[in-house]
Each structure stands twice: as C-alpha cells, then as structure tokens.
Amino acid sequence: MRFSERWLAEWVEHDWDQASLVHRLTMAGLEVEGTEYLGQGLDMVLVGVIETCEQHPNADRLSLCTVDAGEGHARSIVCGADNMGPGDKVPVAVPGALLPNGLKIKKSKLRGEVSEGMLCSETELGLAEESAGLMILPADAPVGAPVLEYLELDDTVVELDLTPNRGDCLSIAGVAREVAALADCPLVGPPLGPVTPVLETRRGVHLEAGPDCPRYLGRVVEEVDPSRRTPFWMQERLRRCGVRPVSLLVDITNYVMLELGQPLHAFDNDRLTGDVRVRHARSGEPVTLLDGSAAELEAGALVIADDAGVQAVAGVMGAEATAVGEATANVFLEAAHFRPGAVAGRARKLGLHTDASHRFERGVDPHLPVIAMERATSLLVELAGGKAGPVVEGVNEADLPQRPVIPFRPARADARLGTNLGAEAMGDAFRRLSFEAEEEGEEWEVVPPSFRFDLTLEADLIEEVARLHGYDQLPTARMVGPMEPHAGYETDVQDRPLRQALVDRGYREVITYSFVDPEIVARLDPEADPLALANPLSREQSVMRPDLFAGLLETAAANQARQNHRLRLFELGRVFPQREGALQQRDAIGGLLAGPVDPPHWEGRKRSADFFDAKGDVEALLRRAGVSSRRTELVADTHPALHPGQAARILVDGEETGWLGTLHPSLAEAVEVSMGTVLYQLDLEVLRGHSGGVPRYQPVSRLPVTHRDLAVVVPEAVTAAALEGLLAEGLEEGPLSLVDWQIFDVYTGKGIEEGFKSMGLSLTLQARDETPTDEQIDAAVSQLVERFGNRLGATLRA
C-alpha cells in the first residue's frame, strides 16, 4: 500500500515529522517498507509555455522550440518529443538543474542549434516509470512557477508492507484511522454526505447469491461529459499511490477505492440489458474481461449479470461488453460487499491480480458501500457534470457479517504483555481504536468496528493494546525455565548425517516447493492422484507433491537451461503420497544425477553418470543410515517415470524403501533435461525402522585369514543379492567364521548350460581359536556350497 503524506494530512491532523510517522507505524505493526521524496532534483524546474515549435533544420526527429519560463526572456530548447505544440504548458529544466535520473542540465549545442534547457516528461521528473512524450500541464498553470510548488511535489510517498489481516489499511482513510489512534488526534477527512438525486432513472438489483453478496448498491448517473479529462490533482494522487490514470470515469472509481478502501465499478448503462443480478456462474459460462482475456467460468463463481449474460466477475474485473469508454454518457455505478471467501482465489484462477480482488479477499467493511457510493457520485457530478438518480440497494441483513462480542480481561493482558498499563489505559486504547467496550468488572465485553475482520479472540485484543502502546515500548525480560536437551539415540536416523553424506559425494542441496504442477505429476505417475489445493497460488503450484522428483527435475531443467550440465542435486523434505486410498505425509530424501561423472580435466576423460553411479550414492546413503549393503536389495521393476530395464525398487530387509532409475527418455524431453538423467528417492520413515544397531567392538584376531575362490552355477533368475543373503547367514558353529566375501565374476556362454550362469565368489575365512587345517577349510566351503544347492539349486562349477 502506497500513500502520499500530503493526502494523509487532509484526513488526520498529526504533528509528527516523517521519521516519527515511519517509526510509529512500524511499531504498530504497519511495517514501512520504504519512503520516496518526490521533489528530489526539481528545485530548478519551472512551468513554461511553448511560444513556437518548428522542425529542427538539421534533424528529422527533433524540434526547435522557443519557451517562456517566466524569466523575462525566452529560451531556445531542442526537444525530441512530438506531443507538444505552441501554447502548451510544460515543465522546463533550466541549466544547472540535476534531475532525479541523475541527468545534469547545461547549455549545449544539438545538431548545430543552441539548447538552453530541457522540456521534461513524467519519467524525467521521476513521476512515472515510462511516458509517451512531454508532460503537458493544465492550461491554467502559472508560467514561471516552480514545478515543485505547482505540482505539490514537496511530498513523500510511504510504502507499507501490510500483513494479510490488515485489509482495513488498504486506503488513505484506513491509514489515517491508525495514525489518529496512535497520535490520539482527530480524524478529519473530506465531507462524505449524501447526494440528492435529480433523476428518477433507476435499474433493478436482485441478490441471488445468498451470503456471498449480502449487500449491493447501484445508481444511474446520466449526462456525464465523456470529453472531460481527469483533474491534474486527481491524476497525481493516483500516480503517487501506484495507479495509472486511465479516464475520468475509471479514475474516479479508483480514487474512491484508494481513499476509502471500497472497490467500485462503473458500467456503461446504455449497454446493460434489464435488471442487474448478483448470482453464481454456471459451469463454462463465457465472459470477455476488460483486459481482453476470454474465460469460461467455474460453476459457483460469483458474477454480476444482466439479461444478456455475465457483465463482471464479482470483486475481480468487469466485462468488456459493458465497459465505460470515450462515448459513455450514462453510467451505472456499482458498490457492493462480497464475502471474502467467495472472492478468494478467483482472480488467480483467471490469471489476474487486481486492486479490487486484493481488497475483497482480505475483507471490506460491509457498511462502506453506502459511503463510497455517495462519495463517487459526488465526484461524478462535480467533475463529469453528471446527474444522479436514486440509489437502489439490495441487502440481506441476516447475511451481513456480525460484529463479534469478545471477552477481555485487562489483568490477563498485562500479564501476557509484561506491562502495568492498567484498565484505564486499555479502555482509552479501545476508544481510540473505535472499539465498543463494556468496562465493568474483571472481564469486559468488547465489540470491534465493522472494518476489523481480523479480530475474534481475546489474544487479538491484547495485540491491539500492544500495538497502540508500541511494540518498542514493551518491556523485555529473559525467559526463565528448565531446558532439557533432546535425548537422541545413537541408532536414530538423523537428517544432518544424511545430508552430509551426499554433500561429501559432491551433491548440492535444493529446497523446492511442496506445491507442484499437476501436469508434471501426471507425467511422472498417472496413478499418483495428488491432493489438490483448495486455494492454489497458481496452476503450476496447485497440488501437493507425491514425491520429490518434480522439484528435482524442475531445478535440473533451470540449471541446464543456463549451461550448467553437470548436476548432483538432492532434497530432504515432506512428500504427500496416496497409499491404500489414504493421504499420507512422509519424510523422504531424493537425488538427481546428470552430466559427466567428473569435472572437466586436462586428460579429457568424459563419462556420463549412469544408474550404477547413483546406486553407489544410494548405498553410501544407506550406510550412513546404519543399513549395510548386505541388507539392501535392488529388484528390477517398472516405474512410469523411469526407463524400462534401468529401474529398480529398493528393498531394505525385504521392505520397499524407494526407487532408483534412469528418467524415461520421453519424460526427459518433456521436462527439458538431458537424456540419461538418474533419479532416486528413499522413504525415511522406512529407514528409521531398519536402522542398524550400535556398533560393537570386536577384538582383532591374532590368527591369519584364509582366502578361497570358487564358482557356482545357478539359474539365471538368481540375483547377486540372493546369493549374498545366504553368505550373510555365515557358518555354523565350528573353528572358522566367514568374515567377508565378494562376487567378482558373472559368466554365461560356452560351457554353461542355457538358462544358467556362473558366479565367481571370493571368500575370506577367519579362524576362531587356532590355525585351521585344510580339512577344516574344505568342510567350511562345502557347507556353503551345500547351502547354495539346497536353497538356490546351485552346483559347483567344474
């Protein structure tokens, strides 16, 4: 919310300087984000009148102007604009001026002609970001007057960063109320009395949307003069509040919205057909909005309609068909109260964000439409020469928001704030804030004003007392209490070691939104059925992520689009999958590999990361979680997001823990990441249930180890994990133990029966008490071979 200090001063008589105003507003919860002094660099800019304007003799796109700036002599100035002519009043920067954009004005020659100054646009004066030509001043602007004084630019614009609950401060009147309460000074403002109708013309109003619109006012104003321009003072106030002037009729509605906080809309009355109805849209009902965009509305959207169809999306934007324009002579003015929940999210679904929706979504005083209607009518009559008809009001009193009665205990407020303000000071605070309070006994009954939608609890009232007192005035005290550290267990799977394990392997952590694009989710897994948000930020963030893949791929695509092709990314966060028909919330860690395995090197080695590189990272991650590779199994399986034949389900102690695989080529192309990108994800909830025990010390044996190599022939379906599972069972009681093993070879072909394969094993045996004999070693190996045969159908290869 931007406001002008000069405009605010017309509403409230305070004696603070700018620094005090900024400080007091911030300490009352209305944080000042910044200030901008408008008069910087304009002390040598004067009002001038163009006497002659001719083509520059040496340049096609320049003009040579003679300008009187009230200095007793005319100046010759070269200008590149083309929207001026003799008799126009314009701002003239004389030599020596230093404009807000840093341009220093001096006498110079341009294409051979002397230029003694500069004719200025709004952009050069710092009043607008862009402009189409010179700033043409009103015809009655006094020649020679300093522009700083004439435009009242000795003014500061203050920008507030309001929290969503303070919609009541999205207006000059709202900020003035706050300042009046903080400074305990009178609230003044312009006269806001009713306008007496002089016509009988009216248009019927019908409320058909129940509590979504309990109040709607309409008024016909005829014989407005479409040729009249918006007064300069109004244009300037709109600009300073960040609103671009458009036309007189539109500017008046915007002015009242900025002044009072009530959005209004003006229809061309001659384009309306029949009575006005506030109703809900039918599914797919079409409308073309003021910005030219066509939309098909959802069923239940709140709209303003006539007999011809939808003429406005309530609280968002009007329709193009009934928009006021250069030929509009008769206006139908609208002021209404819409339930915040009925408007919330509608603008975003249409790809819009308007000043009206910004206010209606936060809540507008239900009694304000009556006041705003009269104020807008008064300005239409005064500035556009209109003639007003009677106000037609539709109202359902039962559906209007009710002001809550909130219990309040002064003693509890002092206890919570650590103050000794007392009941008298709190009662005075409520009076200044326009609250109604029954100040009797230890528990009061307080009724907030109708413009404070955010107050419902005693804690809210305590906050109001603190705000008015000033957050910086509240006493500070150190908290005293027992602090007990969390007693973690050594076997717990902690997040930090998992992060560190991946960082040590060259990964970078990313944090992405939990809200993702439903199209990406559907591509990754058509059966995911993600949870849709009731009020999404945008269509691209409208569902909760069922896994981490969407965010990782989006990050990878953004990096690779910027020529960063070697990626090692991971994320640890919450996912929200649907399992067995129920929504779950689970912790997960996922990773992505893409591009070369190694950074660029002078040797020129260049190999792209693949499935097995990611497998090594997953195993390192599992080891850090206390799960050895011998308890992990990768089972070939299919996943809709992964490449067939390069995807595996990760099992820990036989329980599904996650997925690992290469991204499907069609998906890689769709999301614009490189082919061969590898993804994986582990469910931390499962890992926490399978973490290893506490490491235990075992003495190092004094006896030497014995190595034996053998090859076993097994059916082709037997996996290395199945073989390792049998080895992990160790040896039965005896003089030897199996301390390590490796599978070093897999062979199929000549000498091996079809449907079988040979697997080479390297075994490490350790004697328990004494150096073993060859017979004991052979017996231990035979025990293992027999186990392979009984369980896997294996035979010793000849």
# chains A, B, ... in the order shown; residues from 1 in each chain; ligands from 1

call {"tool": "residues_around", "arguments": {"residues": "region 96-98 of chain A", "least_positions_apart": "3", "cutoff": "10 Å", "atoms": "only C-alpha atoms", "output": "list in words"}}
result
Gln40, Gly41, Leu42, Asp43, Met44, Val45, Val92, Ala93, Asn101, Gly102, Leu103, Lys104, Ile105, Lys106, Lys107, Gly117 and Met118 of chain A

call {"tool": "residues_around", "arguments": {"residues": "Ile520 (chain A)", "least_positions_apart": "2", "cutoff": "10 Å", "atoms": "only C-alpha atoms", "output": "CSV table (one decimal) with N, CA and C atoms, in the first residue's frame"}}
result
chain,number,residue,atom,x,y,z
A,516,VAL,N,3.2,-28.4,-6.6
A,516,VAL,CA,3.8,-28.7,-7.9
A,516,VAL,C,2.7,-28.7,-8.9
A,517,ASP,N,3.2,-28.8,-10.2
A,517,ASP,CA,2.3,-28.7,-11.3
A,517,ASP,C,1.6,-30.1,-11.5
A,518,PRO,N,0.3,-30.2,-11.6
A,518,PRO,CA,-0.4,-31.5,-11.7
A,518,PRO,C,0.0,-32.1,-13.1
A,522,ALA,N,1.3,-36.0,-13.3
A,522,ALA,CA,0.6,-37.0,-14.1
A,522,ALA,C,1.6,-37.6,-15.1
A,523,ARG,N,2.6,-36.9,-15.6
A,523,ARG,CA,3.6,-37.5,-16.5
A,523,ARG,C,4.5,-38.5,-15.7
A,524,LEU,N,4.8,-38.1,-14.5
A,524,LEU,CA,5.7,-39.0,-13.7
A,524,LEU,C,5.0,-40.2,-13.2
A,525,ASP,N,3.7,-40.1,-12.8
A,525,ASP,CA,3.0,-41.2,-12.4
A,525,ASP,C,1.5,-41.0,-12.6
A,526,PRO,N,0.9,-41.5,-13.6
A,526,PRO,CA,-0.5,-41.3,-13.9
A,526,PRO,C,-1.5,-41.7,-12.8
A,540,GLU,N,0.4,-23.8,-11.7
A,540,GLU,CA,1.7,-24.6,-11.7
A,540,GLU,C,2.0,-25.0,-10.3
A,545,ARG,N,3.0,-32.4,-3.6
A,545,ARG,CA,3.9,-33.3,-4.3
A,545,ARG,C,3.8,-34.7,-3.7
A,549,PHE,N,10.5,-36.0,-7.1
A,549,PHE,CA,11.0,-36.0,-8.5
A,549,PHE,C,10.7,-34.7,-9.2
A,550,ALA,N,9.5,-34.2,-9.1
A,550,ALA,CA,9.0,-33.0,-9.8
A,550,ALA,C,9.9,-31.8,-9.5
A,551,GLY,N,10.2,-31.5,-8.2
A,551,GLY,CA,11.0,-30.4,-7.8
A,551,GLY,C,12.5,-30.6,-8.3
A,553,LEU,N,13.5,-32.3,-10.9
A,553,LEU,CA,13.6,-32.1,-12.3
A,553,LEU,C,13.4,-30.7,-12.8
A,554,GLU,N,12.6,-29.9,-12.1
A,554,GLU,CA,12.4,-28.5,-12.4
A,554,GLU,C,13.7,-27.8,-12.1
A,667,LEU,N,10.1,-38.5,-21.0
A,667,LEU,CA,9.9,-37.5,-19.9
A,667,LEU,C,11.1,-36.5,-19.9
A,670,ALA,N,10.2,-34.0,-22.4
A,670,ALA,CA,9.1,-33.2,-22.0
A,670,ALA,C,9.5,-32.1,-21.0
A,671,VAL,N,10.3,-32.5,-20.0
A,671,VAL,CA,10.7,-31.6,-18.9
A,671,VAL,C,12.0,-30.8,-19.2

call {"tool": "select_by_dssp", "arguments": {"residues": "region 130-305 of chain A", "states": "helix (DSSP H, G or I)", "output": "VMD selection string"}}
result
chain A and resid 147 to 150 167 to 169 172 to 183 210 to 212 232 to 240 248 to 260 269 to 271

call {"tool": "closest_atom_pairs", "arguments": {"of": "region 171-232 of chain A", "to": "region 237-247 of chain A", "cutoff": "12 Å", "atoms": "only C-alpha atoms", "output": "Markdown table"}}
result
| residue | atom | partner | partner_atom | distance |
| --- | --- | --- | --- | --- |
| A:Ser171 | CA | A:Cys241 | CA | 9.7 |
| A:Ile172 | CA | A:Cys241 | CA | 9.7 |
| A:Asp225 | CA | A:Ser247 | CA | 11.6 |
| A:Pro226 | CA | A:Ser247 | CA | 8.8 |
| A:Ser227 | CA | A:Ser247 | CA | 9.6 |
| A:Arg228 | CA | A:Ser247 | CA | 8.7 |
| A:Arg229 | CA | A:Ser247 | CA | 6.8 |
| A:Thr230 | CA | A:Ser247 | CA | 6.4 |
| A:Pro231 | CA | A:Ser247 | CA | 10.2 |
| A:Phe232 | CA | A:Arg237 | CA | 8.7 |

call {"tool": "write_last_selection", "arguments": {"atoms": "C-alpha atoms", "output": "PDB file, in the first residue's frame"}}
result
ATOM      1  CA  SER A 171      -6.775   3.069   1.910  1.00  0.00           C
ATOM      2  CA  ILE A 172      -5.940   6.609   2.968  1.00  0.00           C
ATOM      3  CA  ASP A 225     -19.386  14.550 -20.217  1.00  0.00           C
ATOM      4  CA  PRO A 226     -17.053  11.952 -21.786  1.00  0.00           C
ATOM      5  CA  SER A 227     -14.755  14.680 -23.110  1.00  0.00           C
ATOM      6  CA  ARG A 228     -13.714  15.887 -19.675  1.00  0.00           C
ATOM      7  CA  ARG A 229     -10.255  14.939 -18.522  1.00  0.00           C
ATOM      8  CA  THR A 230      -9.281  13.784 -15.074  1.00  0.00           C
ATOM      9  CA  PRO A 231      -8.193  16.814 -12.985  1.00  0.00           C
ATOM     10  CA  PHE A 232      -4.484  17.074 -12.580  1.00  0.00           C
TER      11      PHE A 232
END

call {"tool": "atom_distance", "arguments": {"atom1": "CA of Phe3 (chain A)", "atom2": "CA of Ala176 (chain A)"}}
result
10.4 Å

call {"tool": "select_by_dssp", "arguments": {"residues": "region 369-583 of chain A", "states": "strand (DSSP E)", "output": "MDAnalysis selection string"}}
result
chainID A and resid 387:395 406:408 436:438 444:447 508:509 515:516 543:544 567:575 578:579 582:583

call {"tool": "residues_around", "arguments": {"residues": "Val392 (chain A)", "least_positions_apart": "2", "cutoff": "12 Å", "atoms": "only C-alpha atoms", "output": "ChimeraX atom specification"}}
result
/A:197,200-207,215-220,275-276,332-336,369-370,373,388-390,394-395

call {"tool": "residues_around", "arguments": {"residues": "region 313-316 of chain A", "least_positions_apart": "2", "cutoff": "8 Å", "atoms": "only C-alpha atoms", "output": "VMD selection string"}}
result
chain A and resid 263 301 to 304 310 to 311 318 to 319 338 343 346 to 347 353 to 354 356 to 357 360

call {"tool": "closest_residue", "arguments": {"among": "A:His56, A:Pro214, A:Glu320, A:Val447", "to": "His337 (chain A)", "atoms": "only C-alpha atoms"}}
result
A:Pro214

call {"tool": "atom_distance", "arguments": {"atom1": "CA of Leu137 (chain A)", "atom2": "CA of Arg75 (chain A)"}}
result
18.3 Å

call {"tool": "residues_around", "arguments": {"residues": "Val224 (chain A)", "least_positions_apart": "2", "cutoff": "6 Å", "atoms": "only C-alpha atoms", "output": "number ranges by chain"}}
result
A: 222, 329, 384-386

call {"tool": "write_last_selection", "arguments": {"atoms": "N, CA and C atoms", "output": "compact mmCIF listing (two decimals), in the first residue's frame"}}
result
# COMPACT_ATOMS: atom_id res chain seq x y z
N GLU A 222 -26.57 10.02 -15.19
CA GLU A 222 -26.72 10.33 -16.61
C GLU A 222 -26.06 11.65 -16.97
N ALA A 329 -22.00 8.20 -21.88
CA ALA A 329 -22.69 9.38 -21.35
C ALA A 329 -23.52 9.05 -20.12
N ALA A 384 -17.58 15.39 -13.71
CA ALA A 384 -18.04 14.92 -15.02
C ALA A 384 -19.37 15.53 -15.43
N GLY A 385 -19.92 16.37 -14.56
CA GLY A 385 -21.18 17.05 -14.90
C GLY A 385 -22.39 16.14 -14.93
N GLY A 386 -22.34 15.02 -14.21
CA GLY A 386 -23.44 14.07 -14.24
C GLY A 386 -24.64 14.49 -13.42

call {"tool": "residues_around", "arguments": {"residues": "Leu62 (chain A)", "least_positions_apart": "5", "cutoff": "8 Å", "atoms": "only C-alpha atoms", "output": "list in words"}}
result
Gln55, His56, Val78, Cys79, Gly80 and Ala81 of chain A
